[in-house]
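To start, the structure itself, in structure tokens.
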Amino acid sequence: MNDATLEKETSKPAPFVGYSRLLVEVHVAVRTTVPRGRTVLVVSRGDEQFVRLEGRRGWHFPRHEDGRWAGFHPAGSQEAVEHLESLRLQGAQYLVFPQTAFWWLDYYGGLADHLEARYKLIATSESCRIYDIRAGRTAGTMQAEPAGIAPRIGEIVQRLLPPDAETEILTGDASAPDDLARLIQLGIRFLVVPRSASGWLMPSPQLEEQLRRHHRLVMCQEHLCEIYELTHG
């Protein structure tokens, strides 16, 4: 190898080395991608350094109700998805997978599919992946749905609603008017209520009454979905 070749090889950026560098790169990615004041979930393995995010609220994922790291990994994909959606209703807006947690997306295949179907990957690198989880973008998680219903709802949403409007697909995780209030606090403008094989996906009578009495019905397609414009203020 001649001197020129050696100089060229040694001048290349160094590959990812060391945990400390990973911490720095994740913090930089969050600062450059996530607006200040937002709530960010981090698959942290309990490391407080990952959730001390300048100008942003960092939450462990998974976490206890008191904010501590849960101390264990989800038992399976369904548990991971349910915990994610629960934290979303509590205010989580972004989800970060540091490089040390990339294995989650292989091991919890259902979670990876859930993220791919519903949310937007806004940053990806050798150091981390960041998802915007503020609002569902497709009907990918509807339960017991007839074949082909999800793409049809997606087409209606794209055709009928403003492209920049925050839109949420109702799932079985929402259960009460308080959950609806959290969606409003997150800035959700439109709520899509799918029709599953067993009927409208209304998790509770209280939630149904709240929607029908206080929010505007934009569209109702009997065999597909209802769309409500949520009243803010």
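Numbering starts fresh at 1 for the residues of each chain in the structure tokens, the chains themselves are lettered A, B, ... in the order given, and ligands are numbered from 1 as they appear.
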
Give me the stretch 59-102 of chain A side of the contact with stretch 115-135 of chain A, cut-off 6 Å, one line per residue showing its nearest atom pair and distance in Å at one decimal, counting only C-alpha atoms, sorted by chain and residue number, as JSON lines.
{"residue": "A:Gln93", "atom": "CA", "partner": "A:Arg134", "partner_atom": "CA", "distance": 4.7}
{"residue": "A:Tyr94", "atom": "CA", "partner": "A:Asp132", "partner_atom": "CA", "distance": 4.7}
{"residue": "A:Leu95", "atom": "CA", "partner": "A:Tyr131", "partner_atom": "CA", "distance": 5.1}
{"residue": "A:Val96", "atom": "CA", "partner": "A:Ile130", "partner_atom": "CA", "distance": 4.5}
{"residue": "A:Phe97", "atom": "CA", "partner": "A:Arg129", "partner_atom": "CA", "distance": 5.2}
{"residue": "A:Pro98", "atom": "CA", "partner": "A:Cys128", "partner_atom": "CA", "distance": 4.2}
{"residue": "A:Gln99", "atom": "CA", "partner": "A:Ser127", "partner_atom": "CA", "distance": 4.9}

Set the distance at 7 Å and use only C-alpha atoms: which residues neighbour stretch 57-73 of chain A once local chain neighbours fewer than 4 positions away are removed? I'd like the list as a list of chain:residue names. A:Gly37, A:Arg38, A:Thr39, A:Val40, A:Leu41, A:Val42, A:Val43, A:Ser44, A:Gly46, A:Val51, A:Arg52, A:Leu53

Quick check for you: according to DSSP on this backbone, which residues of stretch 37-82 of chain A are classed as helix (DSSP H, G or I)? Reply as a ChimeraX atom specification. /A:48-51,77-82

Best match for closeness to A:Val193 among A:Arg56, A:His223, A:His214, A:Arg88, counting only C-alpha atoms: A:His223
